Amino acid sequence: MTVPLAPEYRGTVSVVRDFVTRTRERHRPGTPSQRVIVGALIVLVLISVTASLWAPYPASAQSGASLAPPSWAHPFGTDELGEDIFVRFIYGIRLSLLVAASTAVVAGVVGAAIGMAAGYVGGLVDSVMMRGVDFMLAFPTLVIAMTIVAIVGPSTATPVLATIVVSIPLFARVARASTLVERQKEYVLAARALGASSVRIMVRQILPAIMPVLRVQAAIAGALAVQLEASLSFLGMGVRPPTPSLGAMLNTARQYLSQSWSYGVFPGLGLFLIIMLLLMLANSMSDDGDAPLAKTG
Amino acid sequence: MRRYLLSRVAGGIGTLAGGSVVAFFVFHLLPGNPAEIIAGTHASAAQVAAIQREFALNQSLVAEFVGWWEHVLQGNLGVSVVSNVPVSHLLAQTLPVTLTLIGASTVVALAFTLVLSLGGLRKGSVLDRIALGWSVVGLSIPTFWLGILAILLFAIHWGWLPAGGYISPYSSPLAGLKSLALPAITFGIYMSAIFTQFLRRSFLDVMREDFVRTARARGLREWQVVARHASKPAMIPFVTVVGIAVSTSLGFAMVVETVFAYPGFGSLFVQAITTRDYYVVQAGIMVIVAAVVVANILVDVAYLFLDPRIRYGREG
């Protein structure tokens, strides 16, 4: 049974309808280009995570002649030990994605906590913390990472530790700057007037407000981490040889460039792809389509 | 203006002091006795004791630190464990090589950047889109991979340029420039990606300013507006980035020099870390800290010329 609406209710109906359509839109988050980028990243994650189920060869076992050119059996050729480069490439992508994700999450949480605390509490806490952050930001990230490797010693976990340490100040800086803006706003004052504790205000009020900025920073930090891990492994300070790492593969490939072009080309293509997807994601999430990416060195 | 400079120099000295503490204590965090690490694995007890005496390693940390600084100020940076050559000689040998590389790369980078950044004059123009794409692609390509691609193409496939090694361009210009070409272009492309992003951004912001509108309203041609009014303020954030990039390029030099087997400071530092060459690493960190500090002070001096607000004592 349809009830005819009085004219004065028609406005309400259209408001309700708008609300419904808008909620439906909200279920598909992001712009079309963001969905494409995120989709590509998800595909990469799925392919690389399931590699052990479908890969025709294990990551480190001889499966053909040494330094063979690309063929149907070995689409990217084989390396100096006769291992399939394509399979190692897939496992290398898995490692890079793992480094990116763990850096973005761990450095993001720690860095955001430091930055929010410094920005919200202010005073001495702020100046001490930010002096430390500025000091770290003054140095080339690769040098800090190498120093960490020199202290801790090379292992699979060391590059991850190093990328996390160098990314923390980046998050802290961004989180502090945004917190300083948000803490002035009325909704924060209102929460404080209602008697919310500082921790509660930071977690429940400020964190959601600065989340968009942190998301951009997380994508940048992921790209930085992939680049840094690859650089460390390329310099022989990262992941140890049997574990496939794209940077380490390129380090070996460098010695065989005149015998095999495919060894030098494909591992780098993987790095390029991941880093570019992450940077494009960062760009697409920032307000003016142009995120500050300078500190990737 | 004098107070501005003094405060910047004081800040630089602070960074230098902090960096020296890091350089000094890095090896105290390592497991084992520093004297044993310095002496190497094959040293006798007497050699270890001699090193301990020479560098005051058997005293308190503070006394050790002071003793180390005394040595540094006298130009004594210790002796490399690996090659048995004084570290100061190693630096004198490698730093000019790396500075030549960084200089050449900066020239390449600025050439690319100045052309592309003009895209920032009009948002959405073709050149602007190329500039934006360039900065994303350039930043996404790992420097060492770009180097490998360059070697594959220009050295192995076409055989135009040497794949690596260094010939001093000061003694034999042509061969020197050839050996410099691939590393400098590889490095320059990466730097230009960073530069382009900032200069483009900076131009976009400046072109929206009131004084640009005023200049246009006065009937100036567009190139006059850009050359006389917009370019100087647009340079202010850009100079910061160039300063940061040139000092962090010492870090990138390590990767580029490794790809091209370039006997510079970067290769030296990488080798020192992998072989745990105590004094070389320490001196290397100090060189990098000093480079960062000097670059920052130069940037601050550049502000004096570009930003009249600072010149007249009103820090903007």
# chains A, B, ... in the order shown; residues from 1 in each chain; ligands from 1
call {"tool": "interface_residues", "arguments": {"of": "chain A", "to": "chain B", "cutoff": "8 Å", "atoms": "only C-alpha atoms", "output": "PyMOL selection string"}}
result
chain A and resi 135+138-143+146-147+150-152+227+231+234-237+250+254+257-258+261+264-265+268+271-273+275-276+279-280+292-294+296-297
call {"tool": "write_last_selection", "arguments": {"atoms": "N, CA and C atoms", "output": "short mmCIF file (atom, residue, chain, number, x, y, z; two decimals), in the first residue's frame"}}
result
data_model
loop_
_atom_site.label_atom_id
_atom_site.label_comp_id
_atom_site.auth_asym_id
_atom_site.auth_seq_id
_atom_site.Cartn_x
_atom_site.Cartn_y
_atom_site.Cartn_z
N PHE A 135 67.42 15.58 13.84
CA PHE A 135 68.79 15.08 13.76
C PHE A 135 68.85 13.88 12.83
N ALA A 138 68.41 14.63 9.17
CA ALA A 138 69.52 15.35 8.52
C ALA A 138 70.41 14.39 7.75
N PHE A 139 70.39 13.11 8.10
CA PHE A 139 71.33 12.18 7.47
C PHE A 139 70.69 11.39 6.34
N PRO A 140 71.53 11.00 5.36
CA PRO A 140 71.01 10.14 4.31
C PRO A 140 70.46 8.85 4.94
N THR A 141 69.24 8.46 4.54
CA THR A 141 68.62 7.27 5.15
C THR A 141 69.48 6.03 4.94
N LEU A 142 70.12 5.96 3.76
CA LEU A 142 70.92 4.78 3.47
C LEU A 142 72.09 4.66 4.45
N VAL A 143 72.65 5.82 4.84
CA VAL A 143 73.79 5.80 5.76
C VAL A 143 73.33 5.32 7.15
N MET A 146 72.77 1.65 6.91
CA MET A 146 74.02 0.90 6.87
C MET A 146 74.68 0.84 8.23
N THR A 147 74.58 1.94 8.98
CA THR A 147 75.15 1.95 10.32
C THR A 147 74.44 0.93 11.20
N ALA A 150 75.74 -2.34 10.35
CA ALA A 150 77.08 -2.53 10.91
C ALA A 150 76.99 -2.94 12.38
N ILE A 151 76.02 -2.38 13.09
CA ILE A 151 75.90 -2.68 14.52
C ILE A 151 75.25 -4.05 14.73
N VAL A 152 74.12 -4.27 14.06
CA VAL A 152 73.35 -5.48 14.33
C VAL A 152 73.89 -6.68 13.56
N GLN A 227 62.74 0.43 -1.62
CA GLN A 227 63.96 0.95 -2.22
C GLN A 227 65.16 0.72 -1.31
N SER A 231 68.43 -1.52 -1.90
CA SER A 231 69.76 -0.92 -1.91
C SER A 231 70.69 -1.65 -0.97
N PHE A 234 71.52 -4.92 -2.39
CA PHE A 234 72.40 -4.73 -3.54
C PHE A 234 73.84 -4.51 -3.08
N LEU A 235 74.00 -3.81 -1.96
CA LEU A 235 75.35 -3.56 -1.44
C LEU A 235 75.88 -4.73 -0.62
N GLY A 236 75.12 -5.82 -0.57
CA GLY A 236 75.57 -6.99 0.16
C GLY A 236 75.37 -6.86 1.65
N MET A 237 74.47 -5.97 2.10
CA MET A 237 74.26 -5.79 3.53
C MET A 237 72.86 -6.17 3.95
N LEU A 250 70.12 -8.41 -8.25
CA LEU A 250 70.76 -7.46 -9.16
C LEU A 250 72.24 -7.33 -8.86
N ARG A 254 74.95 -8.09 -11.81
CA ARG A 254 75.93 -7.09 -12.25
C ARG A 254 77.22 -7.75 -12.77
N LEU A 257 76.58 -9.35 -16.58
CA LEU A 257 75.78 -8.57 -17.54
C LEU A 257 76.12 -8.91 -18.99
N SER A 258 77.40 -9.20 -19.27
CA SER A 258 77.74 -9.46 -20.67
C SER A 258 77.26 -10.84 -21.11
N TRP A 261 71.42 -10.71 -20.28
CA TRP A 261 70.74 -9.42 -20.09
C TRP A 261 69.51 -9.57 -19.20
N GLY A 264 69.80 -9.01 -15.42
CA GLY A 264 69.92 -7.63 -14.96
C GLY A 264 68.64 -6.83 -15.12
N VAL A 265 67.74 -7.28 -16.01
CA VAL A 265 66.56 -6.46 -16.32
C VAL A 265 65.37 -6.79 -15.42
N GLY A 268 64.89 -5.82 -11.45
CA GLY A 268 64.69 -4.39 -11.28
C GLY A 268 63.30 -3.95 -11.69
N LEU A 271 61.03 -4.31 -8.76
CA LEU A 271 61.18 -3.21 -7.81
C LEU A 271 60.49 -1.96 -8.33
N PHE A 272 60.76 -1.65 -9.59
CA PHE A 272 60.19 -0.47 -10.22
C PHE A 272 58.67 -0.48 -10.12
N LEU A 273 58.09 -1.65 -10.42
CA LEU A 273 56.63 -1.79 -10.41
C LEU A 273 56.06 -1.50 -9.02
N ILE A 275 57.45 0.01 -6.38
CA ILE A 275 57.69 1.38 -5.89
C ILE A 275 56.76 2.35 -6.60
N MET A 276 56.60 2.16 -7.93
CA MET A 276 55.76 3.10 -8.65
C MET A 276 54.30 3.00 -8.22
N LEU A 279 54.02 4.86 -4.92
CA LEU A 279 54.12 6.31 -5.06
C LEU A 279 52.87 6.88 -5.72
N MET A 280 52.34 6.15 -6.71
CA MET A 280 51.12 6.63 -7.37
C MET A 280 49.95 6.61 -6.39
N PRO A 292 54.56 14.99 -1.41
CA PRO A 292 55.99 15.29 -1.32
C PRO A 292 56.78 14.00 -1.15
N LEU A 293 57.54 13.64 -2.16
CA LEU A 293 58.20 12.34 -2.14
C LEU A 293 59.71 12.47 -1.94
N ALA A 294 60.17 13.70 -1.65
CA ALA A 294 61.61 13.93 -1.75
C ALA A 294 62.43 12.97 -0.89
N THR A 296 63.12 10.11 -0.28
CA THR A 296 63.22 8.68 -0.53
C THR A 296 64.67 8.26 -0.66
N GLY A 297 65.58 9.18 -0.37
CA GLY A 297 67.01 8.87 -0.55
C GLY A 297 67.67 8.42 0.72
#
call {"tool": "select_by_dssp", "arguments": {"residues": "range 6-176 of chain B", "states": "alpha helix (DSSP H)", "output": "ChimeraX atom specification"}}
result
/B:6-25,34-39,45-54,61-73,87-117,126-140,143-150,173-176
call {"tool": "residues_around", "arguments": {"residues": "Ala230 in chain B", "least_positions_apart": "5", "cutoff": "7 Å", "atoms": "only C-alpha atoms", "output": "number ranges by chain"}}
result
B: 206-207, 212, 225
call {"tool": "atom_distance", "arguments": {"atom1": "CA of Ala104 in chain A", "atom2": "CA of Met116 in chain A"}}
result
16.8 Å
call {"tool": "atom_distance", "arguments": {"atom1": "CA of Arg183 in chain A", "atom2": "CA of Ala113 in chain A"}}
result
14.8 Å
call {"tool": "residues_around", "arguments": {"residues": "Pro233 in chain B", "least_positions_apart": "4", "cutoff": "8 Å", "atoms": "only C-alpha atoms", "output": "PDB file with N, CA and C atoms, in the first residue's frame"}}
result
ATOM      1  N   VAL B 206      53.884  29.905  -6.647  1.00  0.00           N
ATOM      2  CA  VAL B 206      54.250  31.306  -6.849  1.00  0.00           C
ATOM      3  C   VAL B 206      53.368  31.964  -7.911  1.00  0.00           C
ATOM      4  N   HIS B 229      59.964  38.328 -11.694  1.00  0.00           N
ATOM      5  CA  HIS B 229      59.171  38.326 -10.467  1.00  0.00           C
ATOM      6  C   HIS B 229      58.989  36.944  -9.861  1.00  0.00           C
ATOM      7  N   LEU B 306      68.059  35.289  -1.650  1.00  0.00           N
ATOM      8  CA  LEU B 306      66.769  35.093  -2.307  1.00  0.00           C
ATOM      9  C   LEU B 306      65.616  35.724  -1.551  1.00  0.00           C
ATOM     10  N   ASP B 307      65.730  35.826  -0.236  1.00  0.00           N
ATOM     11  CA  ASP B 307      64.595  36.262   0.564  1.00  0.00           C
ATOM     12  C   ASP B 307      64.936  37.543   1.323  1.00  0.00           C
TER      13      ASP B 307
END
call {"tool": "residues_around", "arguments": {"residues": "Lys123 in chain B", "least_positions_apart": "6", "cutoff": "12 Å", "atoms": "only C-alpha atoms", "output": "list of chain:residue names"}}
result
A:Asp288, A:Gly289, A:Asp290, B:Ser117, B:Arg129, B:Ile130, B:Ala131, B:Leu132, B:Arg200, B:Arg201, B:Ser202, B:Phe203, B:Leu204, B:Asp205, B:Val206, B:Met207, B:Arg208
call {"tool": "write_last_selection", "arguments": {"atoms": "C-alpha atoms", "output": "compact mmCIF listing (two decimals), in the first residue's frame"}}
result
# COMPACT_ATOMS: atom_id res chain seq x y z
CA ASP A 288 46.53 18.00 -4.84
CA GLY A 289 47.56 14.78 -6.55
CA ASP A 290 51.18 15.48 -5.81
CA SER B 117 59.81 22.64 -14.20
CA ARG B 129 52.12 16.47 -17.08
CA ILE B 130 55.47 15.30 -18.44
CA ALA B 131 57.15 16.86 -15.39
CA LEU B 132 54.78 15.10 -12.99
CA ARG B 200 57.25 22.47 -10.35
CA ARG B 201 55.31 22.66 -7.09
CA SER B 202 57.08 25.85 -6.18
CA PHE B 203 56.29 27.49 -9.53
CA LEU B 204 52.65 26.42 -9.25
CA ASP B 205 52.42 28.14 -5.85
CA VAL B 206 54.25 31.31 -6.85
CA MET B 207 52.26 31.82 -10.03
CA ARG B 208 49.13 32.08 -7.87
call {"tool": "residues_around", "arguments": {"residues": "Pro183 in chain B", "least_positions_apart": "2", "cutoff": "9 Å", "atoms": "only C-alpha atoms", "output": "list in words"}}
result
Leu101, Ser105, Gly147, Ala150, Gly164, Ser179, Leu180, Ala181, Ile185, Thr186, Phe187, Gly188, Val256, Glu257, Val259, Phe260 and Tyr262 of chain B
call {"tool": "write_last_selection", "arguments": {"atoms": "C-alpha atoms", "output": "PDB file, in the first residue's frame"}}
result
ATOM      1  CA  LEU B 101      80.759  12.613  -9.802  1.00  0.00           C
ATOM      2  CA  SER B 105      75.385  14.638 -11.765  1.00  0.00           C
ATOM      3  CA  GLY B 147      72.780   1.965 -13.813  1.00  0.00           C
ATOM      4  CA  ALA B 150      72.603   1.923 -18.827  1.00  0.00           C
ATOM      5  CA  GLY B 164      82.812   1.221 -15.208  1.00  0.00           C
ATOM      6  CA  SER B 179      84.036   7.267 -17.855  1.00  0.00           C
ATOM      7  CA  LEU B 180      81.987   9.887 -16.034  1.00  0.00           C
ATOM      8  CA  ALA B 181      79.064   9.919 -18.480  1.00  0.00           C
ATOM      9  CA  ILE B 185      73.534  10.526 -16.094  1.00  0.00           C
ATOM     10  CA  THR B 186      72.204   7.678 -13.935  1.00  0.00           C
ATOM     11  CA  PHE B 187      72.625   9.715 -10.803  1.00  0.00           C
ATOM     12  CA  GLY B 188      71.467  12.941 -12.441  1.00  0.00           C
ATOM     13  CA  VAL B 256      76.025   4.387  -7.961  1.00  0.00           C
ATOM     14  CA  GLU B 257      79.732   3.854  -7.331  1.00  0.00           C
ATOM     15  CA  VAL B 259      77.279  -0.322  -9.861  1.00  0.00           C
ATOM     16  CA  PHE B 260      79.996   1.329 -11.921  1.00  0.00           C
ATOM     17  CA  TYR B 262      83.895   3.650  -9.198  1.00  0.00           C
TER      18      TYR B 262
END
call {"tool": "residues_around", "arguments": {"residues": "Pro159 in chain A", "least_positions_apart": "3", "cutoff": "12 Å", "atoms": "only C-alpha atoms", "output": "PyMOL selection string"}}
result
chain A and resi 95-96+98-100+102-103+142+144-150+152-156+162-166+225-240+245+247
call {"tool": "atom_distance", "arguments": {"atom1": "CA of Trp68 in chain B", "atom2": "CA of Phe24 in chain B"}}
result
8.2 Å
call {"tool": "closest_residue", "arguments": {"among": "A:Thr179, A:Gln217, A:Gln62, A:Thr31", "to": "Ile201 in chain A", "atoms": "only C-alpha atoms"}}
result
A:Thr179
